[in-house]
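Below is start_1.txt, which holds compact mmCIF, C-alpha atoms and all ligand atoms.
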# COMPACT_ATOMS: atom_id res chain seq x y z
CA MET A 1 70.20 88.33 9.88
CA SER A 2 68.64 89.87 6.83
CA ILE A 3 65.08 90.23 5.59
CA LEU A 4 64.11 89.08 2.16
CA LEU A 5 61.24 90.45 0.07
CA THR A 6 59.91 89.33 -3.29
CA SER A 7 56.71 89.60 -5.36
CA ASP A 8 55.22 88.95 -8.79
CA ILE A 9 56.54 85.44 -9.19
CA HIS A 10 53.38 84.53 -11.11
CA LEU A 11 53.70 80.80 -10.44
CA ASP A 12 51.89 79.00 -13.23
CA PRO A 13 51.87 75.30 -14.24
CA LYS A 14 52.70 76.57 -17.76
CA ARG A 15 55.99 78.07 -16.51
CA LEU A 16 57.84 75.19 -14.88
CA ASP A 17 61.10 77.13 -15.29
CA ILE A 18 59.84 79.77 -12.85
CA ALA A 19 58.52 77.12 -10.44
CA LYS A 20 61.89 75.39 -10.49
CA ALA A 21 63.75 78.65 -9.82
CA PHE A 22 61.37 79.47 -6.94
CA ASP A 23 61.80 76.01 -5.46
CA HIS A 24 65.58 76.44 -5.57
CA PHE A 25 65.32 79.93 -4.10
CA LEU A 26 63.23 78.59 -1.20
CA ALA A 27 65.69 75.77 -0.55
CA THR A 28 68.76 78.03 -0.58
CA THR A 29 68.62 81.89 -0.41
CA ALA A 30 65.39 82.00 1.62
CA ARG A 31 66.90 79.82 4.37
CA GLU A 32 69.58 82.40 5.16
CA CYS A 33 67.22 85.19 6.25
CA GLU A 34 65.18 85.80 9.38
CA SER A 35 61.99 86.61 7.49
CA LEU A 36 60.62 86.22 4.00
CA TYR A 37 57.99 88.65 2.70
CA LEU A 38 55.89 87.56 -0.27
CA LEU A 39 54.31 90.78 -1.51
CA GLY A 40 51.61 89.57 -3.88
CA ASP A 41 51.09 87.89 -7.25
CA ILE A 42 53.07 84.92 -6.05
CA PHE A 43 50.55 82.92 -8.08
CA GLU A 44 49.45 83.75 -11.62
CA ALA A 45 45.90 83.07 -10.44
CA TRP A 46 44.37 81.73 -7.23
CA ILE A 47 40.80 80.48 -7.29
CA GLY A 48 40.45 79.42 -3.65
CA ASP A 49 42.36 77.54 -0.94
CA ASP A 50 40.16 74.48 -1.54
CA PHE A 51 41.58 73.98 -5.04
CA SER A 52 44.54 71.66 -5.13
CA MET A 53 46.73 70.11 -7.78
CA PRO A 54 50.21 68.55 -7.53
CA PHE A 55 51.79 71.79 -8.81
CA VAL A 56 50.27 73.78 -5.93
CA ASP A 57 50.92 71.05 -3.34
CA GLN A 58 54.61 71.08 -4.19
CA ILE A 59 54.87 74.86 -3.79
CA LYS A 60 53.03 74.63 -0.48
CA SER A 61 55.44 71.97 0.84
CA ALA A 62 58.43 74.04 -0.24
CA LEU A 63 57.06 77.11 1.57
CA ARG A 64 56.19 75.00 4.63
CA ALA A 65 59.77 73.75 4.73
CA VAL A 66 60.98 77.37 4.87
CA SER A 67 58.72 78.26 7.82
CA ASP A 68 59.56 74.96 9.54
CA SER A 69 63.25 75.86 9.26
CA GLY A 70 62.61 78.91 11.49
CA VAL A 71 62.18 81.64 8.88
CA ALA A 72 59.13 83.87 9.52
CA VAL A 73 57.07 83.85 6.32
CA TYR A 74 54.63 86.68 5.49
CA PHE A 75 52.12 86.77 2.65
CA MET A 76 50.41 89.85 1.17
CA HIS A 77 47.70 89.61 -1.49
CA GLY A 78 48.29 90.74 -5.06
CA ASN A 79 45.69 91.36 -7.75
CA ARG A 80 46.08 87.76 -8.98
CA ASP A 81 46.05 85.91 -5.67
CA PHE A 82 43.64 88.05 -3.61
CA LEU A 83 41.64 84.88 -2.89
CA VAL A 84 44.45 83.35 -0.84
CA GLY A 85 42.96 82.77 2.60
CA GLN A 86 43.82 81.78 6.13
CA ASP A 87 43.77 78.05 5.25
CA PHE A 88 46.58 78.48 2.73
CA CYS A 89 48.57 80.59 5.19
CA ASN A 90 48.09 77.99 7.94
CA ASP A 91 49.21 75.24 5.56
CA ILE A 92 52.46 77.02 4.75
CA GLY A 93 53.00 78.48 8.23
CA ALA A 94 52.72 82.09 7.04
CA THR A 95 51.16 85.23 8.47
CA LEU A 96 48.73 87.07 6.19
CA LEU A 97 49.60 90.77 5.97
CA ASP A 98 47.41 93.80 5.40
CA ASP A 99 48.21 96.07 2.46
CA PRO A 100 49.91 98.35 3.46
CA THR A 101 52.01 96.97 6.32
CA MET A 102 54.64 98.90 8.24
CA LEU A 103 57.95 97.16 8.83
CA GLU A 104 60.41 98.76 11.24
CA TYR A 105 63.92 97.58 10.59
CA GLY A 106 67.44 99.02 10.75
CA GLY A 107 66.10 102.26 12.22
CA GLN A 108 63.85 102.79 9.19
CA ARG A 109 60.09 102.83 8.80
CA ILE A 110 59.39 100.76 5.71
CA LEU A 111 55.95 100.68 4.09
CA LEU A 112 55.19 97.42 2.28
CA MET A 113 52.49 97.24 -0.40
CA HIS A 114 51.62 95.13 -3.42
CA GLY A 115 51.40 98.34 -5.45
CA ASP A 116 48.09 98.05 -7.31
CA ASN A 117 46.45 100.51 -4.94
CA LEU A 118 48.97 103.16 -5.98
CA CYS A 119 47.76 103.31 -9.59
CA LEU A 120 45.08 105.98 -9.10
CA GLU A 121 44.75 106.74 -12.82
CA ASP A 122 43.69 103.17 -13.55
CA VAL A 123 40.11 103.91 -12.54
CA ASP A 124 38.63 100.79 -14.19
CA TYR A 125 41.05 98.56 -12.38
CA LEU A 126 40.29 100.20 -9.04
CA GLU A 127 36.59 99.54 -9.66
CA PHE A 128 37.41 95.90 -10.35
CA ARG A 129 39.55 95.80 -7.22
CA LYS A 130 36.73 97.14 -5.08
CA MET A 131 34.48 94.33 -6.31
CA ALA A 132 37.12 91.61 -6.00
CA ARG A 133 38.11 92.59 -2.44
CA ASN A 134 34.51 92.69 -1.21
CA PRO A 135 34.05 89.79 1.26
CA ALA A 136 30.43 89.19 0.12
CA TRP A 137 31.55 88.91 -3.53
CA GLN A 138 34.39 86.58 -2.52
CA GLN A 139 32.00 84.34 -0.57
CA GLN A 140 29.72 84.13 -3.58
CA ILE A 141 32.63 83.25 -5.88
CA LEU A 142 34.05 80.68 -3.46
CA SER A 143 30.68 78.94 -3.23
CA LYS A 144 30.87 78.14 -6.97
CA SER A 145 32.28 74.85 -8.28
CA ILE A 146 35.94 74.61 -9.27
CA PRO A 147 35.16 74.39 -13.02
CA GLU A 148 32.96 77.49 -12.71
CA ARG A 149 35.73 79.36 -10.89
CA ILE A 150 38.30 78.36 -13.51
CA ALA A 151 36.00 79.70 -16.22
CA ILE A 152 35.50 83.00 -14.33
CA ALA A 153 39.24 83.42 -13.81
CA GLU A 154 39.84 82.83 -17.54
CA GLN A 155 37.13 85.34 -18.41
CA MET A 156 38.73 87.89 -16.09
CA ARG A 157 42.16 87.40 -17.60
CA ASN A 158 40.74 87.88 -21.11
CA ASP A 159 38.80 90.99 -20.09
CA SER A 160 41.84 92.36 -18.31
CA GLN A 161 44.11 91.79 -21.32
CA ASP A 162 41.58 93.49 -23.62
CA ALA A 163 41.32 96.41 -21.21
CA MET A 164 45.07 96.72 -20.85
CA SER A 165 45.62 96.84 -24.60
CA THR A 166 43.75 100.16 -24.58
CA LYS A 167 45.55 101.67 -21.57
CA SER A 168 48.72 103.76 -21.78
CA ALA A 169 51.83 102.67 -19.88
CA ASP A 170 51.46 105.79 -17.72
CA ILE A 171 48.00 104.86 -16.53
CA MET A 172 49.32 101.48 -15.40
CA ASP A 173 52.18 102.96 -13.38
CA VAL A 174 51.90 104.31 -9.85
CA THR A 175 50.69 107.85 -9.18
CA VAL A 176 53.77 109.49 -7.67
CA SER A 177 51.75 111.97 -5.58
CA GLU A 178 49.93 109.01 -3.98
CA VAL A 179 53.28 107.43 -3.06
CA ASP A 180 54.37 110.70 -1.45
CA ARG A 181 51.04 111.04 0.36
CA LEU A 182 51.25 107.54 1.85
CA LEU A 183 54.91 107.89 2.82
CA ALA A 184 54.03 111.11 4.66
CA LYS A 185 50.83 109.73 6.20
CA HIS A 186 52.62 106.69 7.63
CA GLN A 187 55.77 108.65 8.49
CA ALA A 188 57.73 106.11 6.48
CA ASP A 189 61.25 106.50 5.12
CA LEU A 190 61.00 103.88 2.43
CA MET A 191 58.26 102.17 0.42
CA ILE A 192 58.72 98.73 -1.14
CA HIS A 193 56.19 97.40 -3.64
CA GLY A 194 55.80 95.26 -6.74
CA HIS A 195 52.94 94.95 -9.25
CA THR A 196 54.14 97.29 -12.01
CA HIS A 197 56.98 94.99 -13.14
CA ARG A 198 59.22 98.05 -13.38
CA PRO A 199 62.06 97.25 -10.96
CA ASN A 200 63.85 100.41 -9.92
CA THR A 201 64.81 102.69 -7.05
CA HIS A 202 63.12 106.10 -6.93
CA LYS A 203 63.72 109.25 -4.93
CA GLN A 204 60.49 110.56 -3.46
CA ALA A 205 59.57 113.84 -1.75
CA ASP A 206 61.35 114.77 1.51
CA ASP A 207 64.34 112.54 0.81
CA LYS A 208 62.22 109.40 1.07
CA GLN A 209 62.75 106.41 -1.20
CA ARG A 210 60.68 103.87 -3.11
CA ILE A 211 61.97 100.53 -4.35
CA VAL A 212 59.99 98.58 -6.94
CA LEU A 213 60.47 94.81 -7.04
CA GLY A 214 60.67 93.04 -10.39
CA ASP A 215 58.62 90.14 -11.76
CA TRP A 216 59.98 86.64 -12.25
CA ASP A 217 59.87 86.22 -15.98
CA LYS A 218 63.26 86.39 -17.64
CA SER A 219 65.09 86.92 -14.33
CA LEU A 220 64.31 86.42 -10.69
CA TRP A 221 64.17 89.47 -8.43
CA TYR A 222 64.29 89.96 -4.70
CA LEU A 223 65.31 92.58 -2.21
CA THR A 224 67.40 92.10 0.89
CA LEU A 225 67.39 94.39 3.93
CA ASP A 226 70.45 94.07 6.12
CA GLU A 227 71.20 96.49 8.94
CA ASN A 228 74.77 95.22 9.20
CA ARG A 229 75.60 96.52 5.75
CA ASP A 230 76.43 100.04 4.53
CA GLU A 231 73.52 99.98 2.15
CA LEU A 232 70.36 98.85 4.01
CA ALA A 233 68.39 97.73 0.94
CA LYS A 234 69.78 95.86 -2.03
CA LEU A 235 67.65 94.91 -5.06
CA ILE A 236 68.96 91.70 -6.58
CA LYS A 237 68.41 90.32 -10.08
CA GLN A 238 69.55 86.83 -10.98
CA PRO A 239 69.22 84.69 -14.07
CA LEU A 240 66.19 82.42 -13.93
O1 LIG A 301 47.26 91.28 -13.68
P1 LIG A 301 47.77 92.17 -14.73
O2 LIG A 301 49.09 92.78 -14.39
O3 LIG A 301 47.76 91.54 -16.07
O4 LIG A 301 46.72 93.39 -14.85
C1 LIG A 301 46.38 94.14 -13.71
C2 LIG A 301 44.94 94.51 -13.78
N1 LIG A 301 44.09 93.36 -14.02
C3 LIG A 301 43.69 92.60 -13.03
C4 LIG A 301 42.72 91.51 -13.38
C5 LIG A 301 43.35 90.18 -13.12
O5 LIG A 301 44.42 89.97 -14.02
C6 LIG A 301 42.26 89.13 -13.26
C7 LIG A 301 42.77 87.77 -13.05
C8 LIG A 301 42.67 87.30 -11.66
C9 LIG A 301 42.94 85.82 -11.64
C10 LIG A 301 42.48 85.10 -10.44
C11 LIG A 301 41.27 85.56 -9.80
C12 LIG A 301 40.27 84.55 -9.71
C13 LIG A 301 39.16 84.93 -8.84
C14 LIG A 301 37.84 84.67 -9.35
C15 LIG A 301 37.58 83.30 -9.88
C16 LIG A 301 37.52 82.24 -8.87
O6 LIG A 301 44.06 92.72 -11.90
C17 LIG A 301 44.65 95.52 -14.84
C18 LIG A 301 45.54 96.71 -14.63
C19 LIG A 301 47.00 96.25 -14.64
O7 LIG A 301 47.19 95.27 -13.63
C20 LIG A 301 48.01 97.35 -14.40
O8 LIG A 301 47.92 97.82 -13.08
O9 LIG A 301 45.31 97.69 -15.61
O10 LIG A 301 43.31 95.93 -14.66
C21 LIG A 301 42.40 95.61 -15.60
O11 LIG A 301 42.72 95.35 -16.72
C22 LIG A 301 40.97 95.63 -15.11
C23 LIG A 301 40.05 96.14 -16.20
O12 LIG A 301 40.32 97.50 -16.45
C24 LIG A 301 38.58 95.97 -15.87
C25 LIG A 301 38.11 94.66 -15.30
C26 LIG A 301 38.27 93.38 -16.12
C27 LIG A 301 37.73 92.18 -15.39
C28 LIG A 301 36.23 92.07 -15.44
C29 LIG A 301 35.75 90.95 -14.62
C30 LIG A 301 34.49 90.40 -15.14
C31 LIG A 301 34.04 89.22 -14.36
C32 LIG A 301 33.33 88.22 -15.19
C33 LIG A 301 32.87 87.03 -14.46
C34 LIG A 301 31.89 87.25 -13.35
MN MN A 302 49.97 92.73 -9.40
For this file, produce the structure as structure tokens.
Ligand code: LP5
Ligand code: MN
Amino acid sequence: MSILLTSDIHLDPKRLDIAKAFDHFLATTARECESLYLLGDIFEAWIGDDFSMPFVDQIKSALRAVSDSGVAVYFMHGNRDFLVGQDFCNDIGATLLDDPTMLEYGGQRILLMHGDNLCLEDVDYLEFRKMARNPAWQQQILSKSIPERIAIAEQMRNDSQDAMSTKSADIMDVTVSEVDRLLAKHQADLMIHGHTHRPNTHKQADDKQRIVLGDWDKSLWYLTLDENRDELAKLIKQPL
């Protein structure tokens, strides 16, 4: 059976077309694999596991149905849903993954990441990341009321958009030497990540490979790994 990986779905109550496509994907394609890896930014924003609304409840039930059907579901944080916690993972029957995580499959060592940590030139973002991933900061944020958290998330999105309008496309892409360093450090053959929204397959140093997942905006993107196929990894794009 194959392994399925996807990221950057950016589920948002304002994009019901994406939510519908994801729901369909979970009810069909995702049921045919042995494990499903969600590699970050599954949600456009996540302000805490204690926030619920019908939109979120429906996604949770759809994910729960996948894990209940026997598919192993894994969740890795992205830079939008880094506040997803153990409660959410318990609710959907998923295992929370570290970034990076090593997956051994089909005789390959495959390094899974969200991808934001690879953008070493984006110094301001990495500063923000350090703050946002600090458990003490997260505790402080999660102790605030839901309306306060919504306001903070909106403020962050505005600040981020302002900041991004001044950054070059290069700064916001991965630092290739960092990819090579991590592939070597972890003795991996292949890296799979999302975040940059630049789906592609890259050759890295020492004959290693990197596959970048795409974001679910105009199309849906996922990757399948199947050891019973000539080509182990296949990046798939489908109409939304
Ligand atoms: O997400 P994307 O692709 O648009 O941009 C990222 C980087 N930006 C971010 C910031 C997030 O988008 C913020 C939104 C998170 C939503 C949910 C969190 C809610 C938790 C808290 C509330 C309960 O990740 C962007 C990168 C880009 O990718 C490419 O890699 O460049 O980085 C930035 O733009 C960061 C800025 O450079 C600097 C920081 C701006 C935020 C400042 C926060 C101020 C907090 C105010 C309230 C206390
Ligand atoms: Mn991201």
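The shortest atom-to-atom distance to Ala72 (chain A), with only C-alpha atoms taken into account, belongs to A:Leu38 out of A:Ala169, A:Val123, A:Leu225, A:Leu38.
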To one decimal place, how far is CA of Lys130 (chain A) from atom C29 of ligand LIG 301 (chain A) in Å?
11.4 Å
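CA of Arg64 (chain A) to CA of Leu4 (chain A) spans 16.3 Å [interatomic distance, one decimal].
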Could you pull the residues within 9 Å of region 137-148 of chain A, counting all atoms listed in the file, minus those fewer than 6 positions along the same chain, as a PyMOL selection string?
chain A and resi 47-48+50-51+83+131
Got a sec to check which residues lie within 8 Å of ligand MN 302 (chain A), using only C-alpha atoms and all ligand atoms, and send them as a PyMOL selection string?
chain A and resi 8+40-41+78-80+114-116+194-196
List as a ChimeraX atom specification the protein and nucleic acid residues lying within 8 Å of ligand LIG 301 (chain A), with all atoms listed in the file counted.
/A:44-48,79-83,116,119,122-129,132,138,141-142,146,148-164,167,171-173,195-196
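Distance check against Cys33 (chain A) using all atoms listed in the file: of A:Asp207, A:Asp99, A:Asp226, A:Glu231, the minimum falls on A:Asp226.
Within 9 Å of Tyr74 (chain A), once only C-alpha atoms are used and residues closer than 2 positions along the same chain are dropped, the contacting residues are Ser35, Leu36, Tyr37, Leu38, Leu39, Ala72, Met76, Cys89, Gly93, Ala94, Thr95, Leu96 and Leu97 of chain A.
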Which residue is closest to Gln108 (chain A)? Choose from A:Met1, A:Leu120, A:Met191, A:Lys60 and count all atoms listed in the file.
A:Met191
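Reported to one decimal place, the separation of CA of Ser2 (chain A) from CA of Leu240 (chain A) is 22.2 Å.
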Give me the residues within 10 Å of Gly106 (chain A) as a list in words, counting only C-alpha atoms and dropping any in the same chain fewer than 6 places off.
Leu225, Asp226, Glu227, Asn228, Arg229, Leu232 and Ala233 of chain A
Would you fill out region 171-182 of chain A with all heavy atoms and return it as a CSV table (one decimal), keeping the file's coordinate frame?
chain,number,residue,atom,x,y,z
A,171,ILE,N,49.2,105.2,-17.4
A,171,ILE,CA,48.0,104.9,-16.5
A,171,ILE,C,48.3,103.7,-15.6
A,171,ILE,O,47.8,103.6,-14.5
A,171,ILE,CB,46.8,104.6,-17.4
A,171,ILE,CG1,46.3,105.9,-18.0
A,171,ILE,CG2,45.6,103.9,-16.7
A,171,ILE,CD1,45.1,105.8,-18.9
A,172,MET,N,49.1,102.7,-16.2
A,172,MET,CA,49.3,101.5,-15.4
A,172,MET,C,50.5,101.6,-14.5
A,172,MET,O,50.9,100.6,-13.8
A,172,MET,CB,49.5,100.3,-16.4
A,172,MET,CG,48.1,100.0,-17.1
A,172,MET,SD,48.2,98.5,-18.0
A,172,MET,CE,49.0,99.1,-19.5
A,173,ASP,N,51.1,102.8,-14.4
A,173,ASP,CA,52.2,103.0,-13.4
A,173,ASP,C,51.6,103.6,-12.1
A,173,ASP,O,50.5,104.1,-12.1
A,173,ASP,CB,53.3,103.8,-14.0
A,173,ASP,CG,54.6,103.6,-13.2
A,173,ASP,OD1,54.6,102.8,-12.2
A,173,ASP,OD2,55.7,104.1,-13.7
A,174,VAL,N,52.4,103.7,-11.1
A,174,VAL,CA,51.9,104.3,-9.8
A,174,VAL,C,51.7,105.8,-10.0
A,174,VAL,O,52.4,106.4,-10.9
A,174,VAL,CB,52.8,104.0,-8.7
A,174,VAL,CG1,53.1,102.5,-8.5
A,174,VAL,CG2,54.2,104.8,-8.8
A,175,THR,N,50.9,106.4,-9.2
A,175,THR,CA,50.7,107.8,-9.2
A,175,THR,C,51.7,108.4,-8.1
A,175,THR,O,51.5,108.0,-6.9
A,175,THR,CB,49.2,108.2,-8.8
A,175,THR,OG1,48.4,107.6,-9.8
A,175,THR,CG2,49.0,109.7,-8.8
A,176,VAL,N,52.7,109.1,-8.6
A,176,VAL,CA,53.8,109.5,-7.7
A,176,VAL,C,53.3,110.3,-6.5
A,176,VAL,O,53.7,110.1,-5.3
A,176,VAL,CB,54.9,110.2,-8.5
A,176,VAL,CG1,55.9,110.8,-7.5
A,176,VAL,CG2,55.5,109.3,-9.5
A,177,SER,N,52.3,111.2,-6.7
A,177,SER,CA,51.8,112.0,-5.6
A,177,SER,C,51.1,111.1,-4.5
A,177,SER,O,51.1,111.4,-3.3
A,177,SER,CB,50.7,113.0,-6.1
A,177,SER,OG,49.7,112.4,-6.8
A,178,GLU,N,50.5,109.9,-4.9
A,178,GLU,CA,49.9,109.0,-4.0
A,178,GLU,C,51.0,108.3,-3.1
A,178,GLU,O,50.9,108.1,-2.0
A,178,GLU,CB,49.1,108.0,-4.7
A,178,GLU,CG,48.4,106.9,-3.9
A,178,GLU,CD,47.3,107.5,-2.9
A,178,GLU,OE1,47.1,108.7,-2.9
A,178,GLU,OE2,46.7,106.6,-2.2
A,179,VAL,N,52.1,108.0,-3.8
A,179,VAL,CA,53.3,107.4,-3.1
A,179,VAL,C,53.7,108.4,-2.0
A,179,VAL,O,53.9,108.0,-0.8
A,179,VAL,CB,54.4,107.1,-4.0
A,179,VAL,CG1,55.7,106.7,-3.3
A,179,VAL,CG2,54.0,106.1,-5.1
A,180,ASP,N,53.9,109.7,-2.4
A,180,ASP,CA,54.4,110.7,-1.4
A,180,ASP,C,53.4,110.9,-0.3
A,180,ASP,O,53.7,111.0,0.9
A,180,ASP,CB,54.6,112.0,-2.2
A,180,ASP,CG,55.8,112.0,-3.1
A,180,ASP,OD1,56.7,111.2,-2.8
A,180,ASP,OD2,55.9,112.8,-4.0
A,181,ARG,N,52.1,110.9,-0.7
A,181,ARG,CA,51.0,111.0,0.4
A,181,ARG,C,51.1,109.9,1.4
A,181,ARG,O,51.1,110.1,2.6
A,181,ARG,CB,49.7,111.1,-0.3
A,181,ARG,CG,48.5,111.4,0.6
A,181,ARG,CD,47.2,111.3,-0.1
A,181,ARG,NE,46.7,109.9,-0.3
A,181,ARG,CZ,46.2,109.1,0.7
A,181,ARG,NH1,46.0,109.6,1.9
A,181,ARG,NH2,45.9,107.9,0.4
A,182,LEU,N,51.2,108.7,0.9
A,182,LEU,CA,51.2,107.5,1.8
A,182,LEU,C,52.5,107.5,2.7
A,182,LEU,O,52.5,107.2,3.9
A,182,LEU,CB,51.1,106.2,1.1
A,182,LEU,CG,49.6,106.0,0.5
A,182,LEU,CD1,49.6,104.8,-0.4
A,182,LEU,CD2,48.6,105.9,1.7
